[in-house]
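Worksheet: one structure, shown below.
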Amino acid sequence: MMLPNRISAKLFIDNPQALQVTAFIPVFHSWIREARVPGVPIDVANYLHVKDGPGLMLIGHAGDYAVDFRDGRAGLLYVHKRDWPGATLADRLHTTLEGLLLGARLMENETRFEHAVTFNTGELELTFPDRLNAPNMPETFAALQNDVRAVFGAFYGTDNLDLIHTDQDERSLLTIAVQAPLAPPLAELQGQLPTVALV
């Protein structure tokens with residue numbers, strides 16, 4: 001396995017029934033206008049017409065955000081895709097997780113939503129959209145485990161995590177469910193993740 005060029009992470013929304021997804025459109029535009037997220041955010045794309053799809057996306061040069069509905073589960077997805085600031089897998093996992101946490105905290109603190117958005121920190125989905133450098137094979141999962149456990153353990157404040165290789169079909173993307181059922185709310189996790197500068 002070589003270093004993956006794309007890594008995505010998704011936190012699931014606690015109260016999806018209260019979501020008014022179109023309210024995210026001006027919020028994402030404000031992230032661009034007010035430079036709320038790092039890198040070069042470019043535009044907002046609406047895929048809400050696609051069932052169980054990417055929903056609403058904030059497209060950026062280095063990374064994308066999405067209110068994502070794949071597999072029928074609403075959540076915030078962050079994909080880091082280029083201009084990596086670090087040279088190791090752990091660095092890249094840090095960068096991806098930091099981008100996700102930034103977006104999640106912005107959403108939880110957003111006052112323009114009719115209903116507050118909260119996230120379930122007890123489960124996080126990690127995906128590698130790079131079949132060349134991170135093929136969906138048991139060997140790849142085994143090679144990734146130690147770095148995933150170390151980086152995500154810093155997020156959760158524990159190395160007692162369940163890592164589940166969720167779909168072992170080689171035609172699918174390598175996906176790992178990171179589970180920590182006793183994880184505290186997102187606001188209580190601030191500061192537990194070592195800082196890695198996002199480009």
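All residue names refer to the structure tokens as shown: chains lettered A, B, ... in order, residues numbered from 1 in each chain, ligands numbered from 1 in order.
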
If you count only C-alpha atoms, which residues fall within 7 Å of range 112-119 of chain A, apart from same-chain ones fewer than 6 positions away, as a list in words?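 Listed by chain and then number, they are Leu11, Phe12, Ile13, Asp14, Asn15, Ala18 and Ala23 of chain A.
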
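The residue set within 10 Å of range 151-158 of chain A, counting only C-alpha atoms and dropping same-chain residues fewer than 6 places from it, reads Leu89, Ala90, Asp91, Arg92, Leu93, His94, Leu97, Glu98, Leu101, Thr121, Gly122, Leu124, Val178, Gln179, Ala180, Leu182, Ala183, Pro184, Leu186, Glu188, Leu189, Gln190, Gly191, Gln192, Leu193 and Pro194 of chain A.
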
How would the residues just picked look written out with C-alpha atoms as a compact mmCIF listing (two decimals), in the first residue's frame?
```
# COMPACT_ATOMS: atom_id res chain seq x y z
CA LEU A 89 -0.24 8.35 6.63
CA ALA A 90 -0.73 9.61 10.20
CA ASP A 91 -0.28 13.20 8.96
CA ARG A 92 -2.90 12.65 6.26
CA LEU A 93 -5.35 11.10 8.69
CA HIS A 94 -4.80 14.08 11.05
CA LEU A 97 -9.98 14.48 10.70
CA GLU A 98 -9.12 18.08 11.53
CA LEU A 101 -14.02 18.45 13.05
CA THR A 121 -19.30 11.21 18.05
CA GLY A 122 -19.58 7.52 18.93
CA LEU A 124 -17.20 7.83 12.44
CA VAL A 178 -14.48 3.75 13.83
CA GLN A 179 -16.64 3.16 16.90
CA ALA A 180 -16.31 4.53 20.43
CA LEU A 182 -18.76 6.15 25.24
CA ALA A 183 -17.39 9.16 23.35
CA PRO A 184 -18.46 12.54 24.82
CA LEU A 186 -18.22 17.08 20.11
CA GLU A 188 -16.03 18.26 24.91
CA LEU A 189 -13.56 16.81 22.42
CA GLN A 190 -12.13 20.17 21.39
CA GLY A 191 -8.41 20.39 21.99
CA GLN A 192 -7.88 16.61 22.14
CA LEU A 193 -6.70 16.39 18.55
CA PRO A 194 -3.07 17.44 17.92
```

Name the residues in contact with Asn5 in chain A at a cut-off of 10 Å, using only C-alpha atoms, excluding same-chain residues fewer than 3 positions from it; report them as a list in words.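 What passes the distance filter is Met2, His80, Lys81, Arg82, Asp83, Trp84, Leu89, Arg92, Phe128, Pro129, Asp130, Arg131, Leu132, Asn133 and Ala134 of chain A.
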
Create the file for the chosen residues now, containing N, CA and C atoms and written as a PDB file, in the first residue's frame.
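Writing done, so here's result-v6.pdb:
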```pdb
ATOM      1  N   MET A   2       0.565   2.192  -0.900  1.00  0.00           N
ATOM      2  CA  MET A   2       1.225   3.489  -0.924  1.00  0.00           C
ATOM      3  C   MET A   2       0.343   4.490  -0.176  1.00  0.00           C
ATOM      4  N   HIS A  80     -10.419  15.139   1.854  1.00  0.00           N
ATOM      5  CA  HIS A  80      -9.195  15.867   1.506  1.00  0.00           C
ATOM      6  C   HIS A  80      -8.572  15.157   0.305  1.00  0.00           C
ATOM      7  N   LYS A  81      -8.218  15.939  -0.723  1.00  0.00           N
ATOM      8  CA  LYS A  81      -7.887  15.309  -2.003  1.00  0.00           C
ATOM      9  C   LYS A  81      -6.566  15.755  -2.629  1.00  0.00           C
ATOM     10  N   ARG A  82      -5.955  16.820  -2.115  1.00  0.00           N
ATOM     11  CA  ARG A  82      -4.665  17.225  -2.674  1.00  0.00           C
ATOM     12  C   ARG A  82      -4.000  18.238  -1.739  1.00  0.00           C
ATOM     13  N   ASP A  83      -2.725  18.583  -2.075  1.00  0.00           N
ATOM     14  CA  ASP A  83      -1.949  19.554  -1.293  1.00  0.00           C
ATOM     15  C   ASP A  83      -1.845  19.126   0.169  1.00  0.00           C
ATOM     16  N   TRP A  84      -1.391  17.897   0.385  1.00  0.00           N
ATOM     17  CA  TRP A  84      -1.247  17.383   1.746  1.00  0.00           C
ATOM     18  C   TRP A  84      -0.090  18.068   2.460  1.00  0.00           C
ATOM     19  N   LEU A  89       1.173   8.685   6.553  1.00  0.00           N
ATOM     20  CA  LEU A  89      -0.244   8.345   6.628  1.00  0.00           C
ATOM     21  C   LEU A  89      -0.884   8.987   7.849  1.00  0.00           C
ATOM     22  N   ARG A  92      -1.745  12.513   7.155  1.00  0.00           N
ATOM     23  CA  ARG A  92      -2.899  12.648   6.259  1.00  0.00           C
ATOM     24  C   ARG A  92      -4.207  12.347   6.990  1.00  0.00           C
ATOM     25  N   PHE A 128     -11.411   5.538   1.910  1.00  0.00           N
ATOM     26  CA  PHE A 128     -10.234   5.841   1.094  1.00  0.00           C
ATOM     27  C   PHE A 128     -10.626   5.766  -0.385  1.00  0.00           C
ATOM     28  N   PRO A 129     -11.035   6.907  -0.981  1.00  0.00           N
ATOM     29  CA  PRO A 129     -11.437   6.913  -2.396  1.00  0.00           C
ATOM     30  C   PRO A 129     -10.213   6.914  -3.318  1.00  0.00           C
ATOM     31  N   ASP A 130      -9.384   5.898  -3.175  1.00  0.00           N
ATOM     32  CA  ASP A 130      -8.141   5.790  -3.944  1.00  0.00           C
ATOM     33  C   ASP A 130      -7.832   4.303  -4.101  1.00  0.00           C
ATOM     34  N   ARG A 131      -8.445   3.690  -5.107  1.00  0.00           N
ATOM     35  CA  ARG A 131      -8.304   2.241  -5.280  1.00  0.00           C
ATOM     36  C   ARG A 131      -6.880   1.827  -5.642  1.00  0.00           C
ATOM     37  N   LEU A 132      -6.115   2.729  -6.259  1.00  0.00           N
ATOM     38  CA  LEU A 132      -4.754   2.377  -6.649  1.00  0.00           C
ATOM     39  C   LEU A 132      -3.846   2.257  -5.425  1.00  0.00           C
ATOM     40  N   ASN A 133      -3.874   3.262  -4.554  1.00  0.00           N
ATOM     41  CA  ASN A 133      -2.959   3.300  -3.419  1.00  0.00           C
ATOM     42  C   ASN A 133      -3.527   2.691  -2.144  1.00  0.00           C
ATOM     43  N   ALA A 134      -4.850   2.515  -2.105  1.00  0.00           N
ATOM     44  CA  ALA A 134      -5.478   1.905  -0.926  1.00  0.00           C
ATOM     45  C   ALA A 134      -6.576   0.959  -1.382  1.00  0.00           C
TER      46      ALA A 134
END
```

Please determine, counting only C-alpha atoms, which residue among A:Arg149, A:Arg6, A:Arg171, A:His29 has the shortest atom-to-atom distance to Ala62 in chain A.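 Closest residue, counting only C-alpha atoms: A:Arg6.
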
Long-range neighbours of range 46-51 of chain A as an MDAnalysis selection string, 10 Å cut-off, only C-alpha atoms, 3 positions minimum in chain: chainID A and resid 21:22 25 54:58 66:72

Write to file, as an mmCIF file, in the first residue's frame, the residues of the selection just made, with N, CA and C atoms.
```cif
data_model
loop_
_atom_site.group_PDB
_atom_site.id
_atom_site.type_symbol
_atom_site.label_atom_id
_atom_site.label_comp_id
_atom_site.auth_asym_id
_atom_site.auth_seq_id
_atom_site.Cartn_x
_atom_site.Cartn_y
_atom_site.Cartn_z
ATOM 1 N N VAL A 21 -32.276 20.804 4.804
ATOM 2 C CA VAL A 21 -30.993 20.795 4.108
ATOM 3 C C VAL A 21 -30.776 22.057 3.287
ATOM 4 N N THR A 22 -31.850 22.624 2.731
ATOM 5 C CA THR A 22 -31.659 23.831 1.929
ATOM 6 C C THR A 22 -31.111 24.986 2.768
ATOM 7 N N ILE A 25 -27.412 25.798 2.284
ATOM 8 C CA ILE A 25 -26.890 26.478 1.103
ATOM 9 C C ILE A 25 -26.301 27.844 1.462
ATOM 10 N N PRO A 54 -24.762 12.514 -2.495
ATOM 11 C CA PRO A 54 -23.880 13.444 -1.773
ATOM 12 C C PRO A 54 -24.599 14.671 -1.235
ATOM 13 N N GLY A 55 -25.875 14.859 -1.572
ATOM 14 C CA GLY A 55 -26.654 15.955 -0.989
ATOM 15 C C GLY A 55 -26.188 17.314 -1.450
ATOM 16 N N LEU A 56 -25.614 18.049 -0.535
ATOM 17 C CA LEU A 56 -25.148 19.405 -0.805
ATOM 18 C C LEU A 56 -23.649 19.446 -0.575
ATOM 19 N N MET A 57 -22.899 19.993 -1.549
ATOM 20 C CA MET A 57 -21.440 19.969 -1.457
ATOM 21 C C MET A 57 -20.845 21.367 -1.516
ATOM 22 N N LEU A 58 -19.832 21.574 -0.702
ATOM 23 C CA LEU A 58 -18.974 22.745 -0.807
ATOM 24 C C LEU A 58 -17.679 22.250 -1.435
ATOM 25 N N ALA A 66 -19.541 17.966 2.464
ATOM 26 C CA ALA A 66 -20.863 17.597 1.959
ATOM 27 C C ALA A 66 -21.783 17.258 3.113
ATOM 28 N N VAL A 67 -23.041 17.699 2.990
ATOM 29 C CA VAL A 67 -24.107 17.138 3.814
ATOM 30 C C VAL A 67 -24.533 15.887 3.059
ATOM 31 N N ASP A 68 -24.106 14.750 3.544
ATOM 32 C CA ASP A 68 -24.091 13.511 2.769
ATOM 33 C C ASP A 68 -25.195 12.563 3.243
ATOM 34 N N PHE A 69 -25.865 11.889 2.271
ATOM 35 C CA PHE A 69 -26.962 10.983 2.607
ATOM 36 C C PHE A 69 -26.722 9.569 2.088
ATOM 37 N N ARG A 70 -25.494 9.249 1.757
ATOM 38 C CA ARG A 70 -25.223 7.917 1.226
ATOM 39 C C ARG A 70 -25.562 6.837 2.243
ATOM 40 N N ASP A 71 -26.035 5.717 1.724
ATOM 41 C CA ASP A 71 -26.488 4.585 2.554
ATOM 42 C C ASP A 71 -27.656 4.973 3.451
ATOM 43 N N GLY A 72 -28.342 6.063 3.092
ATOM 44 C CA GLY A 72 -29.507 6.476 3.844
ATOM 45 C C GLY A 72 -29.213 7.086 5.201
#
```

Tell me which protein, DNA and RNA residues are within 9 Å of Gln145 in chain A, counting only C-alpha atoms, leaving out same-chain ones fewer than 5 positions away, and put them as a PyMOL selection string. chain A and resi 140+150+163

Pull C-alpha atoms from the residues just selected and write them as a PDB file, in the first residue's frame.
```
ATOM      1  CA  THR A 140      -4.633  -2.852   3.313  1.00  0.00           C
ATOM      2  CA  ALA A 150      -3.406   6.270  17.037  1.00  0.00           C
ATOM      3  CA  LEU A 163     -12.274  -0.656  13.884  1.00  0.00           C
TER       4      LEU A 163
END
```

re CA of Leu76 in chain A and CA of Asp64 in chain A: distance 10.5 Å
